[in-house]
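Here's start26.tsv, which has TSV, C-alpha atoms:
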chain	number	residue	atom	x	y	z
A	1	MET	CA	76.63	65.03	63.99
A	2	ASP	CA	77.29	66.00	60.40
A	3	LEU	CA	78.71	69.52	60.50
A	4	LYS	CA	78.74	70.24	56.79
A	5	GLU	CA	76.69	72.89	55.00
A	6	LYS	CA	75.28	72.36	51.51
A	7	LYS	CA	75.56	75.05	48.82
A	8	LEU	CA	72.25	76.02	47.16
A	9	SER	CA	73.44	78.94	45.04
A	10	SER	CA	76.34	81.33	44.60
A	11	LYS	CA	76.22	84.98	43.53
A	12	GLU	CA	79.27	86.90	42.39
A	13	ILE	CA	79.23	90.37	43.96
A	14	TYR	CA	82.67	91.68	42.94
A	15	LYS	CA	85.67	90.49	40.93
A	16	GLY	CA	88.79	92.46	41.82
A	17	LYS	CA	92.56	92.67	41.53
A	18	ILE	CA	93.39	90.63	44.61
A	19	LEU	CA	90.04	89.29	45.80
A	20	ASP	CA	86.56	88.28	44.66
A	21	LEU	CA	83.41	88.45	46.79
A	22	TYR	CA	80.54	85.94	46.63
A	23	VAL	CA	77.36	85.53	48.61
A	24	ASP	CA	76.23	81.91	48.71
A	25	GLU	CA	72.97	80.45	49.98
A	26	VAL	CA	73.43	77.30	52.07
A	27	ILE	CA	71.49	74.72	54.05
A	28	CYS	CA	72.88	74.31	57.56
A	29	PRO	CA	73.13	70.88	59.26
A	30	ASN	CA	69.99	71.75	61.26
A	31	GLY	CA	68.03	72.18	58.00
A	32	HIS	CA	67.81	75.98	58.21
A	33	LYS	CA	68.74	78.17	55.23
A	34	SER	CA	71.43	80.81	55.66
A	35	SER	CA	73.81	82.93	53.58
A	36	ARG	CA	77.61	82.96	53.55
A	37	GLU	CA	79.70	85.96	52.54
A	38	LEU	CA	82.90	84.66	51.10
A	39	ILE	CA	86.16	86.19	49.86
A	40	ARG	CA	88.08	84.16	47.30
A	41	HIS	CA	91.81	84.91	47.25
A	42	CYS	CA	94.80	83.17	45.66
A	43	LYS	CA	97.24	81.14	47.73
A	44	ALA	CA	100.35	82.77	49.23
A	45	SER	CA	103.60	81.92	51.00
A	46	CYS	CA	105.44	83.34	54.03
A	47	VAL	CA	109.06	82.69	55.07
A	48	ILE	CA	111.01	82.86	58.31
A	49	ALA	CA	114.55	83.35	56.98
A	50	LYS	CA	117.64	82.80	59.12
A	51	LEU	CA	120.96	84.34	58.05
A	52	ASP	CA	124.30	82.59	58.56
A	53	ASN	CA	125.05	85.08	61.40
A	54	GLY	CA	122.00	83.71	63.29
A	55	ASN	CA	119.85	86.80	62.64
A	56	PHE	CA	116.37	86.82	61.09
A	57	LEU	CA	114.92	89.01	58.33
A	58	LEU	CA	111.97	91.24	59.16
A	59	GLU	CA	110.10	93.77	57.05
A	60	LYS	CA	108.35	97.01	57.92
A	61	GLN	CA	105.42	97.59	55.61
A	62	TYR	CA	102.52	100.03	55.58
A	63	ARG	CA	99.22	98.16	55.53
A	64	TYR	CA	96.35	100.23	54.26
A	65	PRO	CA	93.45	98.42	56.02
A	66	TYR	CA	95.03	99.14	59.44
A	67	ASP	CA	96.58	102.51	58.45
A	68	GLU	CA	99.65	101.24	60.25
A	69	VAL	CA	103.26	100.26	59.53
A	70	ILE	CA	103.56	96.67	60.74
A	71	LEU	CA	106.30	94.06	61.09
A	72	GLU	CA	106.13	90.93	58.93
A	73	PHE	CA	108.20	88.09	57.61
A	74	PRO	CA	108.72	88.15	53.81
A	75	ALA	CA	105.62	86.91	52.01
A	76	GLY	CA	103.68	87.16	48.78
A	77	LYS	CA	100.97	85.79	46.57
A	78	CYS	CA	101.47	82.67	44.43
A	79	ASP	CA	101.46	83.31	40.70
A	80	LYS	CA	98.93	81.17	38.83
A	81	ASN	CA	99.79	77.45	39.27
A	82	GLU	CA	103.03	78.36	41.07
A	83	ASP	CA	104.33	75.86	43.65
A	84	PRO	CA	104.13	77.71	47.03
A	85	LYS	CA	107.74	76.73	47.73
A	86	ILE	CA	108.84	78.56	44.56
A	87	THR	CA	106.71	81.53	45.65
A	88	ALA	CA	108.47	81.55	49.02
A	89	LEU	CA	111.93	81.53	47.39
A	90	ARG	CA	110.93	84.15	44.80
A	91	GLU	CA	109.29	86.55	47.25
A	92	LEU	CA	112.15	86.21	49.74
A	93	GLU	CA	114.66	87.19	47.07
A	94	GLU	CA	112.50	89.94	45.52
A	95	GLU	CA	111.69	91.58	48.85
A	96	THR	CA	114.94	91.13	50.78
A	97	GLY	CA	117.67	90.46	48.20
A	98	TYR	CA	118.55	87.09	49.72
A	99	LYS	CA	118.50	83.79	47.84
A	100	ALA	CA	117.90	80.72	50.05
A	101	ASN	CA	119.76	77.51	49.29
A	102	ASP	CA	117.68	75.57	51.82
A	103	ILE	CA	113.96	75.81	52.36
A	104	GLU	CA	111.70	73.64	54.47
A	105	PHE	CA	107.89	73.50	54.68
A	106	LEU	CA	106.57	74.29	58.17
A	107	GLY	CA	102.78	74.24	57.89
A	108	GLU	CA	99.61	75.83	56.54
A	109	TYR	CA	97.85	78.93	57.84
A	110	TYR	CA	94.15	79.76	57.37
A	111	PRO	CA	93.93	83.52	58.11
A	112	THR	CA	90.26	83.95	58.91
A	113	CYS	CA	88.22	80.85	58.25
A	114	ALA	CA	84.78	82.46	58.59
A	115	TYR	CA	84.99	84.46	55.35
A	116	THR	CA	88.08	83.80	53.23
A	117	ASP	CA	89.43	80.72	51.46
A	118	GLU	CA	93.03	81.97	51.45
A	119	ILE	CA	95.77	79.50	52.41
A	120	ILE	CA	99.25	80.75	53.28
A	121	TYR	CA	102.07	78.19	53.17
A	122	LEU	CA	104.75	78.70	55.81
A	123	TYR	CA	108.47	78.00	55.22
A	124	PHE	CA	111.81	78.12	57.00
A	125	ALA	CA	114.67	79.35	54.79
A	126	SER	CA	118.38	79.12	55.57
A	127	ASN	CA	121.78	79.05	53.87
A	128	LEU	CA	121.10	82.53	52.46
A	129	VAL	CA	123.24	84.29	49.85
A	130	LYS	CA	123.03	88.04	49.15
A	131	THR	CA	121.76	88.88	45.66
A	132	LYS	CA	119.64	91.96	44.85
A	133	GLN	CA	116.26	93.26	46.00
A	134	HIS	CA	113.77	93.87	43.18
A	135	LEU	CA	110.41	95.12	44.44
A	136	ASP	CA	107.22	95.29	42.40
A	137	GLU	CA	106.09	98.71	41.24
A	138	ASN	CA	104.26	100.42	44.16
A	139	GLU	CA	105.74	97.92	46.66
A	140	VAL	CA	107.49	99.86	49.41
A	141	LEU	CA	109.04	98.14	52.41
A	142	ASN	CA	112.07	98.31	54.71
A	143	VAL	CA	114.05	95.15	55.43
A	144	PHE	CA	116.14	94.73	58.57
A	145	GLU	CA	117.83	92.06	60.69
A	146	VAL	CA	116.99	91.08	64.27
A	147	THR	CA	118.71	88.64	66.59
A	148	LYS	CA	116.93	85.53	67.88
A	149	ASP	CA	116.36	87.23	71.26
A	150	GLU	CA	115.14	90.49	69.70
A	151	LEU	CA	112.66	88.52	67.59
A	152	LYS	CA	111.28	86.74	70.67
A	153	GLU	CA	110.97	90.08	72.52
A	154	LEU	CA	109.05	91.61	69.60
A	155	PHE	CA	106.51	88.77	69.82
A	156	LEU	CA	106.34	88.88	73.63
A	157	ASN	CA	105.68	92.64	73.55
A	158	ASN	CA	102.99	92.08	70.85
A	159	GLU	CA	104.90	94.34	68.48
A	160	ILE	CA	104.38	91.68	65.77
A	161	LYS	CA	100.64	91.46	65.21
A	162	ASP	CA	100.69	89.97	61.73
A	163	GLY	CA	99.07	86.53	61.86
A	164	LYS	CA	101.08	84.73	59.16
A	165	THR	CA	104.27	85.95	60.88
A	166	GLN	CA	103.00	84.69	64.26
A	167	ALA	CA	102.07	81.30	62.77
A	168	CYS	CA	105.42	80.99	60.98
A	169	TYR	CA	107.22	81.72	64.25
A	170	LEU	CA	105.07	79.17	66.14
A	171	TYR	CA	106.13	76.42	63.71
A	172	TYR	CA	109.73	77.54	63.86
A	173	LEU	CA	109.65	77.22	67.68
A	174	LEU	CA	107.78	73.89	67.64
A	175	ARG	CA	110.19	72.37	65.15
A	176	ASP	CA	113.09	73.62	67.28
A	177	LYS	CA	115.16	75.12	64.45
B	178	MET	CA	111.49	106.54	53.88
B	179	ASP	CA	107.86	107.35	54.62
B	180	LEU	CA	105.90	104.15	54.00
B	181	LYS	CA	102.40	105.53	54.37
B	182	GLU	CA	99.77	105.70	51.61
B	183	LYS	CA	97.30	108.58	51.35
B	184	LYS	CA	93.59	107.97	50.71
B	185	LEU	CA	92.13	109.88	47.74
B	186	SER	CA	88.65	108.35	47.66
B	187	SER	CA	86.65	105.41	48.97
B	188	LYS	CA	83.86	103.52	47.21
B	189	GLU	CA	81.48	101.20	49.02
B	190	ILE	CA	80.99	98.04	46.92
B	191	TYR	CA	79.01	95.88	49.34
B	192	LYS	CA	77.53	96.14	52.85
B	193	GLY	CA	76.84	92.70	54.30
B	194	LYS	CA	75.98	90.71	57.41
B	195	ILE	CA	79.54	90.11	58.58
B	196	LEU	CA	81.69	92.18	56.22
B	197	ASP	CA	81.72	95.29	54.02
B	198	LEU	CA	83.83	95.72	50.89
B	199	TYR	CA	85.40	99.02	49.79
B	200	VAL	CA	87.69	99.96	46.95
B	201	ASP	CA	89.83	102.98	47.82
B	202	GLU	CA	92.08	105.05	45.58
B	203	VAL	CA	95.42	105.89	47.19
B	204	ILE	CA	98.70	107.67	46.48
B	205	CYS	CA	101.69	105.43	47.22
B	206	PRO	CA	104.86	106.79	48.87
B	207	ASN	CA	106.51	106.81	45.42
B	208	GLY	CA	103.81	109.21	44.16
B	209	HIS	CA	102.01	106.61	42.00
B	210	LYS	CA	98.26	106.16	42.23
B	211	SER	CA	96.88	102.72	43.05
B	212	SER	CA	93.71	101.08	44.37
B	213	ARG	CA	93.17	99.08	47.56
B	214	GLU	CA	90.46	96.45	47.96
B	215	LEU	CA	89.51	96.41	51.58
B	216	ILE	CA	87.24	94.28	53.79
B	217	ARG	CA	85.90	95.96	56.91
B	218	HIS	CA	84.97	93.51	59.67
B	219	CYS	CA	84.15	93.93	63.37
B	220	LYS	CA	86.64	92.98	66.08
B	221	ALA	CA	86.65	89.48	67.58
B	222	SER	CA	88.14	87.47	70.42
B	223	CYS	CA	89.70	83.99	70.69
B	224	VAL	CA	90.44	82.00	73.87
B	225	ILE	CA	92.82	79.22	74.83
B	226	ALA	CA	90.98	77.70	77.80
B	227	LYS	CA	92.65	75.37	80.29
B	228	LEU	CA	90.52	73.12	82.49
B	229	ASP	CA	91.42	72.31	86.09
B	230	ASN	CA	92.40	68.78	84.94
B	231	GLY	CA	95.11	70.35	82.70
B	232	ASN	CA	93.23	69.70	79.45
B	233	PHE	CA	92.38	72.29	76.80
B	234	LEU	CA	89.11	72.97	75.00
B	235	LEU	CA	89.01	72.56	71.21
B	236	GLU	CA	86.16	72.88	68.75
B	237	LYS	CA	85.44	71.15	65.48
B	238	GLN	CA	83.56	73.46	63.13
B	239	TYR	CA	82.64	73.33	59.46
B	240	ARG	CA	84.00	76.36	57.65
B	241	TYR	CA	82.24	77.09	54.41
B	242	PRO	CA	85.05	78.97	52.57
B	243	TYR	CA	87.33	75.91	52.89
B	244	ASP	CA	84.52	73.29	52.68
B	245	GLU	CA	86.32	71.64	55.58
B	246	VAL	CA	85.75	70.77	59.24
B	247	ILE	CA	88.60	72.47	61.09
B	248	LEU	CA	89.91	72.63	64.66
B	249	GLU	CA	89.75	75.94	66.50
B	250	PHE	CA	89.86	77.48	69.94
B	251	PRO	CA	86.57	79.10	71.05
B	252	ALA	CA	86.10	82.49	69.40
B	253	GLY	CA	83.54	84.96	68.22
B	254	LYS	CA	82.74	88.46	67.07
B	255	CYS	CA	82.51	91.39	69.47
B	256	ASP	CA	79.04	92.88	69.81
B	257	LYS	CA	78.91	96.62	69.13
B	258	ASN	CA	81.13	98.48	71.64
B	259	GLU	CA	81.73	95.24	73.60
B	260	ASP	CA	85.04	94.96	75.47
B	261	PRO	CA	86.94	92.08	73.74
B	262	LYS	CA	87.57	90.50	77.15
B	263	ILE	CA	83.80	90.30	77.73
B	264	THR	CA	83.44	88.82	74.22
B	265	ALA	CA	86.03	86.17	75.08
B	266	LEU	CA	84.21	85.19	78.30
B	267	ARG	CA	80.80	85.24	76.61
B	268	GLU	CA	81.82	83.22	73.55
B	269	LEU	CA	83.71	80.69	75.67
B	270	GLU	CA	80.62	80.06	77.79
B	271	GLU	CA	78.15	80.10	74.86
B	272	GLU	CA	80.20	77.72	72.73
B	273	THR	CA	81.64	75.33	75.33
B	274	GLY	CA	79.46	75.68	78.45
B	275	TYR	CA	82.38	76.74	80.62
B	276	LYS	CA	82.54	79.98	82.58
B	277	ALA	CA	86.08	81.26	83.24
B	278	ASN	CA	86.88	82.88	86.58
B	279	ASP	CA	90.30	84.00	85.34
B	280	ILE	CA	91.11	85.52	81.98
B	281	GLU	CA	94.33	87.12	80.78
B	282	PHE	CA	95.08	89.09	77.61
B	283	LEU	CA	97.77	87.47	75.45
B	284	GLY	CA	98.08	89.64	72.35
B	285	GLU	CA	96.52	90.91	69.14
B	286	TYR	CA	96.20	89.06	65.84
B	287	TYR	CA	95.87	90.66	62.39
B	288	PRO	CA	94.56	87.84	60.16
B	289	THR	CA	95.48	89.06	56.69
B	290	CYS	CA	96.82	92.58	56.68
B	291	ALA	CA	96.71	93.12	52.91
B	292	TYR	CA	92.92	93.29	52.66
B	293	THR	CA	91.08	93.20	55.99
B	294	ASP	CA	91.02	95.48	59.03
B	295	GLU	CA	89.89	92.74	61.42
B	296	ILE	CA	91.62	92.51	64.80
B	297	ILE	CA	91.25	89.38	66.93
B	298	TYR	CA	92.12	89.72	70.63
B	299	LEU	CA	93.72	86.62	72.14
B	300	TYR	CA	93.10	85.45	75.72
B	301	PHE	CA	94.10	82.70	78.14
B	302	ALA	CA	91.22	81.48	80.34
B	303	SER	CA	91.50	79.30	83.42
B	304	ASN	CA	89.66	78.42	86.65
B	305	LEU	CA	86.74	77.12	84.58
B	306	VAL	CA	83.34	76.12	85.96
B	307	LYS	CA	80.82	74.01	84.00
B	308	THR	CA	77.62	75.87	83.15
B	309	LYS	CA	75.59	75.31	79.98
B	310	GLN	CA	76.33	75.60	76.24
B	311	HIS	CA	73.95	77.94	74.37
B	312	LEU	CA	74.80	78.19	70.68
B	313	ASP	CA	73.43	80.78	68.27
B	314	GLU	CA	70.80	79.61	65.82
B	315	ASN	CA	72.59	77.95	62.86
B	316	GLU	CA	75.81	77.60	64.91
B	317	VAL	CA	76.89	73.96	64.88
B	318	LEU	CA	80.11	72.81	66.51
B	319	ASN	CA	81.56	69.94	68.53
B	320	VAL	CA	83.55	70.69	71.68
B	321	PHE	CA	86.15	68.28	73.06
B	322	GLU	CA	89.10	68.14	75.45
B	323	VAL	CA	92.74	67.44	74.57
B	324	THR	CA	95.74	67.01	76.83
B	325	LYS	CA	98.68	69.42	76.67
B	326	ASP	CA	100.72	66.84	74.70
B	327	GLU	CA	97.86	66.06	72.31
B	328	LEU	CA	97.44	69.78	71.62
B	329	LYS	CA	101.14	70.15	70.78
B	330	GLU	CA	100.99	67.09	68.50
B	331	LEU	CA	97.99	68.53	66.63
B	332	PHE	CA	99.99	71.69	65.89
B	333	LEU	CA	103.16	69.78	65.00
B	334	ASN	CA	101.20	67.60	62.55
B	335	ASN	CA	99.59	70.74	61.06
B	336	GLU	CA	96.15	69.43	61.97
B	337	ILE	CA	95.34	72.88	63.39
B	338	LYS	CA	95.47	75.27	60.46
B	339	ASP	CA	93.32	78.04	61.90
B	340	GLY	CA	95.44	81.17	62.26
B	341	LYS	CA	93.86	82.72	65.37
B	342	THR	CA	94.24	79.34	67.12
B	343	GLN	CA	97.92	79.15	66.06
B	344	ALA	CA	98.57	82.72	67.26
B	345	CYS	CA	96.78	82.08	70.57
B	346	TYR	CA	98.92	78.97	71.12
B	347	LEU	CA	102.13	80.88	70.24
B	348	TYR	CA	101.38	83.44	72.98
B	349	TYR	CA	100.43	80.71	75.41
B	350	LEU	CA	103.83	79.03	74.80
B	351	LEU	CA	105.79	82.30	74.93
B	352	ARG	CA	104.18	83.34	78.20
B	353	ASP	CA	104.95	79.88	79.58
B	354	LYS	CA	101.55	79.20	81.13
Would you mind giving the structure from this file in structure tokens?
Amino acid sequence: MDLKEKKLSSKEIYKGKILDLYVDEVICPNGHKSSRELIRHCKASCVIAKLDNGNFLLEKQYRYPYDEVILEFPAGKCDKNEDPKITALRELEEETGYKANDIEFLGEYYPTCAYTDEIIYLYFASNLVKTKQHLDENEVLNVFEVTKDELKELFLNNEIKDGKTQACYLYYLLRDK
Amino acid sequence: MDLKEKKLSSKEIYKGKILDLYVDEVICPNGHKSSRELIRHCKASCVIAKLDNGNFLLEKQYRYPYDEVILEFPAGKCDKNEDPKITALRELEEETGYKANDIEFLGEYYPTCAYTDEIIYLYFASNLVKTKQHLDENEVLNVFEVTKDELKELFLNNEIKDGKTQACYLYYLLRDK
């Protein structure tokens, strides 16, 4: 069966700083009309970064939608037309003060396919050299190191709930780094 | 350092079928004012379901924001005040026609913490009995079985890009089912 829906019209509801909202009218494969609420967001990158001592970099960051401080791997939005690999290297260095000499693509992550078009590109970074952290204005986060075993425990205890971080770790495990 | 932001005001931009959009004014920990664009969405559940023959259930579904048919584990939104475990059992049976006699909580998944408050609860279902698929109106999806090795290959080849499905599989691997 053809699963695809056909767009009839698209209405812009909101154009914002980090996201835009549209409501589109579609025809479903069964011929019925329906509407789709849709967030458009730029691409982003996320990095699992391994230090020469075998430890991994984690960040604590307050996330307003959850009103919670959560644990995440370094990540950030792609600048316009920026190669996601460059984003990964740039955000890693800006947020943690580590420059990676090696970086490897792990996979793509679709956060919530029902209502956003965001794609996050996942990377593994190694051969890290200490430089200097330079956060954006209003960006506040704490960076710390965990061992391989501590990282696994944090996932097992569901203390890392951030999806891009979970997906990045899945690919790291599958690729047996 | 305190990482928390303080809400000053909240403006409702859009109230929709599956999501609401707000723009809130906040004070950052550094004392600067900023705004936060925020999607509010109900909770949901996602299930990795293992058949008695050792195979797993996957779904092919067209996802409008990506204009792509993607692979996902069974999942769906919680009805108002519904226990996410009940959602998992209900959606599994509605979408695949399998009733699970055993279900186990794996972990929580925050899809995209910068701009949505959605939480997806992840489950492992087993001891499945065939009943009958009953899809919602306008819900169109194909259900199929894959072996354990085929499932791993699909992840390794990045043919499964859906984040909740990746996170569910991570917990399944970590808990060594």
For chain B, the nearest of the candidates A:Val47, A:Val129, A:Leu38, A:Leu154, counting all atoms listed in the file: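 With all atoms listed in the file as the atom set, the closest residue is A:Leu38.
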Neighbours of chain B in chain A at 6 Å, counting only C-alpha atoms, as a ChimeraX atom specification: /A:3-4,62,65-66,107-112,116-117,158,161-163,166-167,170
What lies within 10 Å of Thr273 (chain B) using only C-alpha atoms, ignoring chain neighbours under 2 positions off, as a CSV table (one decimal) with C-alpha atoms, in the frame of the given file?
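After the write, out_25.csv holds the following:
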chain,number,residue,atom,x,y,z
B,226,ALA,CA,91.0,77.7,77.8
B,234,LEU,CA,89.1,73.0,75.0
B,235,LEU,CA,89.0,72.6,71.2
B,236,GLU,CA,86.2,72.9,68.8
B,251,PRO,CA,86.6,79.1,71.0
B,268,GLU,CA,81.8,83.2,73.6
B,269,LEU,CA,83.7,80.7,75.7
B,270,GLU,CA,80.6,80.1,77.8
B,271,GLU,CA,78.2,80.1,74.9
B,275,TYR,CA,82.4,76.7,80.6
B,276,LYS,CA,82.5,80.0,82.6
B,307,LYS,CA,80.8,74.0,84.0
B,308,THR,CA,77.6,75.9,83.2
B,309,LYS,CA,75.6,75.3,80.0
B,310,GLN,CA,76.3,75.6,76.2
B,311,HIS,CA,74.0,77.9,74.4
B,312,LEU,CA,74.8,78.2,70.7
B,318,LEU,CA,80.1,72.8,66.5
B,319,ASN,CA,81.6,69.9,68.5
B,320,VAL,CA,83.6,70.7,71.7
B,321,PHE,CA,86.2,68.3,73.1
Residue neighbourhood Phe56 (chain A), 6 Å, all atoms listed in the file, exclusion window fewer than 3 positions, as number ranges by chain: A: 49-50, 145-146
Residues just named, written with C-alpha atoms as a PDB file, in the coordinates of the input:
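File written: result_0.pdb
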ATOM      1  CA  ALA A  49     114.550  83.350  56.980  1.00  0.00           C
ATOM      2  CA  LYS A  50     117.640  82.800  59.120  1.00  0.00           C
ATOM      3  CA  GLU A 145     117.830  92.060  60.690  1.00  0.00           C
ATOM      4  CA  VAL A 146     116.990  91.080  64.270  1.00  0.00           C
TER       5      VAL A 146
END
Interatomic distance, CA of Asp260 (chain B) to CA of Tyr349 (chain B) (Å, one decimal):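 If I compute the distance from CA of Asp260 (chain B) to CA of Tyr349 (chain B), I get 21.0 Å.
Here CA of Phe124 (chain A) is placed at a distance of 26.6 Å from CA of Tyr298 (chain B).
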CA of Lys148 (chain A) to CA of Phe250 (chain B), distance in Å rounded to a single decimal: 28.3 Å
